[in-house]
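J.: Questions regarding the structure given below will be posed in turn.
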Amino acid sequence: MTTCGEFIVRLLESYGVDTIFGIPGVHTVELYRGLADSPIRHVTPRHEQGAGFMADGYARVTGKPGACFIITGPGMTNILTAMGQAYADSIPMLVISSVNQTDQLAMGDGRLHELPSQRNMTAGVAAFSHTVLTPAQLPQVMARAFAVFNSARPRPVHIEIPIDVISMPIDAALSAKAWPLPSRPAPAAVAIKQAADWLAAAKSPAIVLGGGAVEGAAEALALAEHLDAPVVHTVNAKGILPPGHKLRAGENMALPPIRKLLESADVVLAVGTEFGETEMYPDARPLQLQGKLIRIDLDPEQLMRGLPADCPITADAKLALSDLNRQLASHKHTDRNGAARAAETFKAAATHWWPAVGVHQRIADVILKTLPDVIMVGDSTEPVYALNQSYQAPTPRAYFNSSTGYGTLGYGLPAGIGAKLAAPKRPVVVLAGDGGLQFTIGELAAAVEAEVPVIVFLWNNHGYGEIKTYMQNRQIKPIGVDIFTPDFQVIAKGFGCAAVHVENLDQLPQQLTEATKRKVPTIIEMRPQA
Amino acid sequence: MGANQIGGHAAISILETYGVDTVFGIPGVHTLDLYRGIADRKMRHIGVRHEQGAGFMADGYARASGKPGVCCLITGPGLLNAATPIGQAYSDSVPVLVLCSVNASKDLGKGRGRLHEISDQRAAIAPMTAFARTIYEAGELPQAVADAYKVFETGRPRPVVLEMPLDMLSAPADLGRPQRLKAEAPKAKPEDLAAAAKLIDAARTPLVIAGGGTVDCAPALRAFVEKSGALCVTTTAGKGVFPDSHPASLGASLSLPATQDYLAKADLVIAIGTEMSETDSWNDFVTFNGKLIRIDLDAYTLTRDYEPTVGLLAEAGATLQALMPMIAAKAPVDLDKAAAIRTRNRSGLTPLQQKHAKVLDAIRAAVPADGVISTDMTQIAYTANTYFTCEEPRTWLHPVGFGTLGYAMPAAIGAKIACPDRDVVAIAGDAGFLFTVQDLGTAVEQNLALPIIVWNNDLLAQIQMDMVRLDIGEIGVRPRNPNYLALAEAFGCRAVRPDSLSGLTQVIKEAFRADGPTLIEVHENAAYLA
């Protein structure tokens with residue numbers, strides 16, 4: 001006899017899930033029945049928030065959904081913040097949880113782990129949330145979840161299963177095979193024609209690439225080169241243009257030279273971006289575009305948010321960019337000075353970077369030189385705010401952090417663990433501050449246990465430095481920001497990790513190299529005055 | 001109040017009107033103007049290391065003192081990080097007031113990718129609150145806070161969330177001198193009281209079940225039990241409200257067979273302020289064959305699962321006092337049985353529970369009667385819920401209904417801050433402790449004389465037992481643990497591993513007099529427990 005719980009594990013295998021993050025509990029033991037004998041790897045975080053962030057990091061590196069098994073109630077409330085971050089950044093995440101048994105749902109009897117409605121709570125941070133009331137629903141519900149991840153704007157999906165249903169027998173006729181998934185939407189020919197005509201006629205076009213363009217990276221690069229158009233990356237698009245590419249115009253749309261480039265362009269093509277506030281620090285005023293705006297997005301609603309487009313195209317970025325390349329193949333552009341405009345914009349923009357970019361870019365240069373294929377995973381912390389402006393990632397999916405969108409603390413370490421599990425051969429460096437690292441410090445134990453050698457670059461400024469500066473700038477007496485900071489060296493060693501201080505950048509390459517040889521995480525701590 | 005006052009000031013000054021003197025939180029970009037109010041009004045601020053800590057501290061503060069605990073949280077991740085403590089306070093009826101920011105009024109519901117945004121923050125948190133409200137103008141604050149205090153003081157206390165848009169927090173606001181609005185708790189109807197008194201007088205073996213709703217009326221409860229000739233059992237939430245040393249006490253043993261047998265035979269059960277839920281009895285339902293009087297502030301609970309012969313929708317203390325002159329004095333008939341049940345309940349422990357009992361005896365010997373013991377979801381606490389003796393209410397804190405990990409230490413911090421003159425001790429398991437380990441930093445920073453006992457079995461022991469019992473392959477339950485002593489020392493915290501039971505008692509006593517927290521590790525395999 002196969003139980004519903006065992007069947008779920010087999011379904012996940014069919015959809016290619018190879019890793020599950022979770023902490024087993026009384027309510028989820030039946031989900032674990034099938035797992036011990038499955039090829040799926042189980043990783044145990046020390047808090048469900050860690051499970052969610054690990055799944056997020058795993059998903060950003062692979063493009064595949066990160067999967068979690070979560071207990072009813074506190075397990076689900078613990079993972080909410082991680083779902084919020086994934087929701088805001090359009091990351092595929094599958095959260096499978098237990099819930100109280102069917103005849104007790106919403107009764108409010110004060111049952112263990114009970115909530116009035118788990119689904120109401122998760123609805124705000126999920127594409128959908130479904131309660132499985134009979135095992136026979138499972139194949140369809142799982143297919144819907146993977147349709148969201150594969151074919152729509154990816155976001156977290158929550159599937160909850162009452163504890164009586166988890167242990168029910170499965171009808172032997174029910175198949176655990178993956179359903180064929182729907183194709184992503186192709187663009188309408190008429191819209192592509194319109195966009196291509198405008199781009200062909202443009203004299204000073206510019207391109208904004210967002211996180212939604214990552215899977216069409218090659219097509220985006222080809223189009224930019226063909227059009228000779230300067231490119232602005234959002235944080236989640238970094239790496240689409242290789243480092244040092246002549247068309248790279250910069251990263252932060254709020255910097256006056258980049259704002260000017262876009263506002264004065266006669267056609268702007270924006271692919272897979274919200275034009276979100278967190279891409280436009282510190283000046284989130286909407287762009288005042290003079291020319292035409294073409295937007296490509298998988299989510300038609302998103303096309304109606306932010307800047308209104310003259311040509312809104314609902315489509316997969318890769319398909320739409322391929323079509324544009326095809327449509328424009330015969331087009332020969334007159335010299336648009338793309339490289340010169342990009343270089344001029346980039347140079348001018350760099351003069352607007354805040355001073356902290358200098359030191360952090362020097363650190364990043366050392367990291368990149370020592371570990372050329374590094375994946376940098378960041379928390380909300382000064383080095384990340386700085387590198388968001390200046391860093392050039394070696395590939396797509398190799399630079400991401402939680403300062404975009406939802407903007408949570410505590411993301412770096414667990415997301416880095418997820419990233420390293422997803423790409424065990426690539427070095428993963430976590431950029432963390434002392435405040436954020438404390439949020440999820442317990443996950444060092446999970447990394448030691450799972451032998452995940454992430455490298456944590458800890459920028460220790462002894463407090464919530466960003467917020468302190470904000471308070472001072474706004475004449476608020478600093479309160480709650482000069483916090484007691486523990487000794488991270490001792491903490492790391494207590495968890496069985498390696499830990500070192502570096503006094504200057506010359507010491508960094510050797511420490512990085514040694515860290516890559518370990519089986520456990522290494523914390524490399526550096527202080528601002530160093 | 002005066003010139004240059006803004007919404008952030010108004011929110012804090014209205015709290016002052018209600019006697020709030022301490023708030024828990026972490027400042028962020030979105031709450032700067034709320035913190036302007038905190039700084040200018042000189043409100044005490046306890047800075048935490050993760051908002052989950054803020055929520056549990058507010059819970060512990062409230063459970064130990066009876067005063068609502070207050071948190072100040074940022075939009076999005078700040079609020080959702082506290083979702084688990086809010087869920088715990090919801091399920092255990094604890095008054096917690098959460099003030100948080102939310103995106104500006106003009107941005108609400110737009111999905112523009114604003115910092116910290118989710119689709120609908122209020123809707124996400126509402127299922128775990130008495131109510132959650134958006135405050136669009138400071139002028140709405142007096143009524144909103146009055147409504148919250150109505151819930152806390154005259155209704156079933158549960159969390160209240162007030163979210164304030166950024167523009168509201170920064171807009172000019174002058175509330176003048178806000179007045180405190182008062183409400184009264186519901187009182188029982190005279191004819192219902194008379195019916196109840198008649199049942200009590202007619203009963204030969206009445207049994208009182210005292211739940212969390214009785215913790216503020218211990219003297220009235222004791223007088224009532226003694227006059228009516230009843231025996232008294234408490235729930236875990238009611239632990240200590242009736243002294244365990246009293247001859248009519250059955251302790252907090254609702255989950256034990258001897259008590260349940262007695263309950264089944266009692267000719268009248270008087271259930272006061274209790275859900276009689278799964279987590280009180282660890283049975284689906286308890287059986288009783290006698291008549292039932294229920295006293296509860298919550299109309300739904302009054303009739304949920306068990307239809308009362310007489311139901312009194314009223315506050316417990318006033319109702320018991322009103323009944324006193326209406327009932328005849330009677331001698332209890334079953335004091336011998338009570339003594340026998342107490343003996344049976346404390347014997348028949350498994351070998352593991354006997355180990356727990358040794359440790360619990362050593363703790364009891366160190367903690368004075370008014371000392372507060374804050375416990376986590378860990379096997380030693382499960383044993384203690386029935387085994388440990390308490391003489392006073394508000395001394396036993398346990399995350400009963402929602403059943404989350406990570407509660408003990410931050411709740412103990414909140415309790416110690418609320419009651420600096422009382423001794424407070426935390427008991428956590430090795431896994432639960434790691435859930436919120438970062439707030440050791442908060443305990444150090446606040447110089448709290450707090451012993452924190454980590455019961456270490458290097459195992460998610462309850463779940464491992466369940467897996468073995470249900471023939472599920474063991475998975476995810478043997479975590480690789482850190483060195484807890486080194487970890488504590490890194491936080492600047494004393495750390496000891498006593499080598500005898502008397503040593504444990506001694507170390508706890510010393511920790512009560514120390515100038516900071518002390519982590520005390522007790523390993524299940526320690527030689528002195530063999």
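Here's how to read the names in the structure tokens: chain A, B, ... by the order shown, residue numbers from 1 in each chain, ligand numbers from 1 in the order shown.
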What residues in chain B lie within 6 Å of chain A, counting only C-alpha atoms, written as a ChimeraX atom specification?

T.: /B:28,36,47,50,77,80-81,83-84,112-117,119-120,124,277-279,401-404,434-435,438,445,463,472-473,476,480,482-483,486-487,490-491

J.: DSSP on the backbone, alpha helix (DSSP H) only: what residues of region 392-481 of chain A does that give? Format it as a PyMOL selection string.

T.: chain A and resi 412-422+434-439+443-449+465-473

J.: Selection from above, C-alpha atoms, as a PDB file, in the first residue's frame, can you write it?

T.:
```
ATOM      1  CA  GLY A 412      22.291  35.612   2.979  1.00  0.00           C
ATOM      2  CA  LEU A 413      23.533  32.600   4.900  1.00  0.00           C
ATOM      3  CA  PRO A 414      20.644  30.186   4.259  1.00  0.00           C
ATOM      4  CA  ALA A 415      20.209  31.301   0.628  1.00  0.00           C
ATOM      5  CA  GLY A 416      23.945  30.786   0.175  1.00  0.00           C
ATOM      6  CA  ILE A 417      23.592  27.266   1.568  1.00  0.00           C
ATOM      7  CA  GLY A 418      20.797  26.602  -0.927  1.00  0.00           C
ATOM      8  CA  ALA A 419      22.920  28.021  -3.747  1.00  0.00           C
ATOM      9  CA  LYS A 420      25.903  25.852  -2.847  1.00  0.00           C
ATOM     10  CA  LEU A 421      23.712  22.748  -2.711  1.00  0.00           C
ATOM     11  CA  ALA A 422      22.428  23.639  -6.168  1.00  0.00           C
ATOM     12  CA  ASP A 434      26.623  41.480  11.559  1.00  0.00           C
ATOM     13  CA  GLY A 435      22.954  42.382  12.110  1.00  0.00           C
ATOM     14  CA  GLY A 436      21.590  40.231   9.302  1.00  0.00           C
ATOM     15  CA  LEU A 437      23.849  37.258  10.013  1.00  0.00           C
ATOM     16  CA  GLN A 438      22.464  37.048  13.550  1.00  0.00           C
ATOM     17  CA  PHE A 439      18.916  36.676  12.198  1.00  0.00           C
ATOM     18  CA  GLU A 443      21.898  27.721   9.938  1.00  0.00           C
ATOM     19  CA  LEU A 444      25.662  27.437  10.366  1.00  0.00           C
ATOM     20  CA  ALA A 445      24.826  24.166  12.111  1.00  0.00           C
ATOM     21  CA  ALA A 446      22.785  23.014   9.110  1.00  0.00           C
ATOM     22  CA  ALA A 447      25.676  23.824   6.770  1.00  0.00           C
ATOM     23  CA  VAL A 448      28.196  21.959   8.907  1.00  0.00           C
ATOM     24  CA  GLU A 449      25.885  18.955   9.077  1.00  0.00           C
ATOM     25  CA  GLY A 465      24.805  50.883  10.433  1.00  0.00           C
ATOM     26  CA  GLU A 466      22.457  51.681   7.543  1.00  0.00           C
ATOM     27  CA  ILE A 467      19.556  52.559   9.798  1.00  0.00           C
ATOM     28  CA  LYS A 468      21.781  54.581  12.108  1.00  0.00           C
ATOM     29  CA  THR A 469      22.848  56.724   9.162  1.00  0.00           C
ATOM     30  CA  TYR A 470      19.218  57.158   8.110  1.00  0.00           C
ATOM     31  CA  MET A 471      18.302  58.261  11.640  1.00  0.00           C
ATOM     32  CA  GLN A 472      21.145  60.757  11.788  1.00  0.00           C
ATOM     33  CA  ASN A 473      20.239  62.140   8.376  1.00  0.00           C
TER      34      ASN A 473
END
```

J.: I'd like the neighbourhood of Ile86 (chain B) as a ChimeraX atom specification, where a residue qualifies if any of its atoms comes within 12 Å (using only C-alpha atoms), though same-chain residues fewer than 5 positions away should be ignored.

T.: /A:73-74,77-78,115 /B:51-59,69-71,79-81,91-98,124-132,158-161,399,402,404,407

J.: Leaving out Leu397 (chain B) and any residue of its chain fewer than 2 positions from it, which residues lie within 10 Å of it when counting only C-alpha atoms, given as a PyMOL selection string?

T.: chain B and resi 59-60+63-64+236-239+372-376+385+393-395+399-400+407-408+411-412+415+426

J.: Determine the nearest neighbour of Ser101 (chain B) from the options B:Asp298, B:Glu137, B:Asp280, B:Asp33, counting only C-alpha atoms.

T.: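 With only C-alpha atoms as the atom set, the closest residue is B:Asp33.
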
J.: Might you pull out every residue within 6 Å of Val429 (chain A), with only C-alpha atoms counted and same-chain residues fewer than 2 positions away left off, and present them as number ranges by chain?

T.: A: 376, 455-456

J.: For N, CA and C atoms, I'd like the residues from the last selection saved as a tab-separated table (two decimals), in the first residue's frame.

T.:
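Dumped to selection_27.tsv:
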```tsv
chain	number	residue	atom	x	y	z
A	376	MET	N	27.69	35.10	-5.78
A	376	MET	CA	27.63	35.99	-4.63
A	376	MET	C	26.19	36.10	-4.16
A	455	ILE	N	31.18	30.27	1.89
A	455	ILE	CA	32.14	31.22	2.46
A	455	ILE	C	31.34	32.47	2.84
A	456	VAL	N	31.36	32.81	4.11
A	456	VAL	CA	30.60	33.97	4.57
A	456	VAL	C	31.56	35.14	4.72
```

J.: What separation in Å, quoted to one decimal, exists between CA of Val468 (chain B) and CA of Tyr528 (chain B)?

T.: 27.5 Å

J.: Pick out the closest residue to Ser98 (chain A) from this set: A:Glu160, A:Asp56, A:Asp316, A:Glu219. Count only C-alpha atoms.

T.: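 The closest residue to Ser98 (chain A) is A:Glu160.
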
J.: From the set A:Leu387, A:Leu174, A:Ser322, A:Leu255, which residue has the shortest atom-to-atom contact distance to Ala186 (chain A), counting only C-alpha atoms?

T.: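 Nearest to Ala186 (chain A): A:Ser322.
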
J.: Run DSSP on the backbone and grab whatever in region 226-306 of chain A lands in strand (DSSP E or B); send it over as number ranges by chain.

T.: A: 231-233, 248-250, 267-271, 292-297

J.: For the atom pair CA of His333 (chain A) and CA of Gly239 (chain A), what is the interatomic distance in Å to one decimal place?

T.: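 Calculated distance between CA of His333 (chain A) and CA of Gly239 (chain A) is 25.6 Å.
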
J.: Do you know which residues are at most 10 Å from Ala443 (chain B) counting only C-alpha atoms, after dropping those on the same chain fewer than 2 positions away, and could you put them as a PyMOL selection string?

T.: (chain A and resi 484) or (chain B and resi 46+48+409-410+412-414+416-417+438-441+445-450+491-493+516-518)

J.: Name the closest residue to Asp216 (chain B) among the candidates B:Leu320, B:Ile293, B:Val454, B:Leu193; distances are taken between atoms, counting only C-alpha atoms.

T.: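 Of B:Leu320, B:Ile293, B:Val454, B:Leu193, the one nearest Asp216 (chain B) is B:Leu320, counting only C-alpha atoms.
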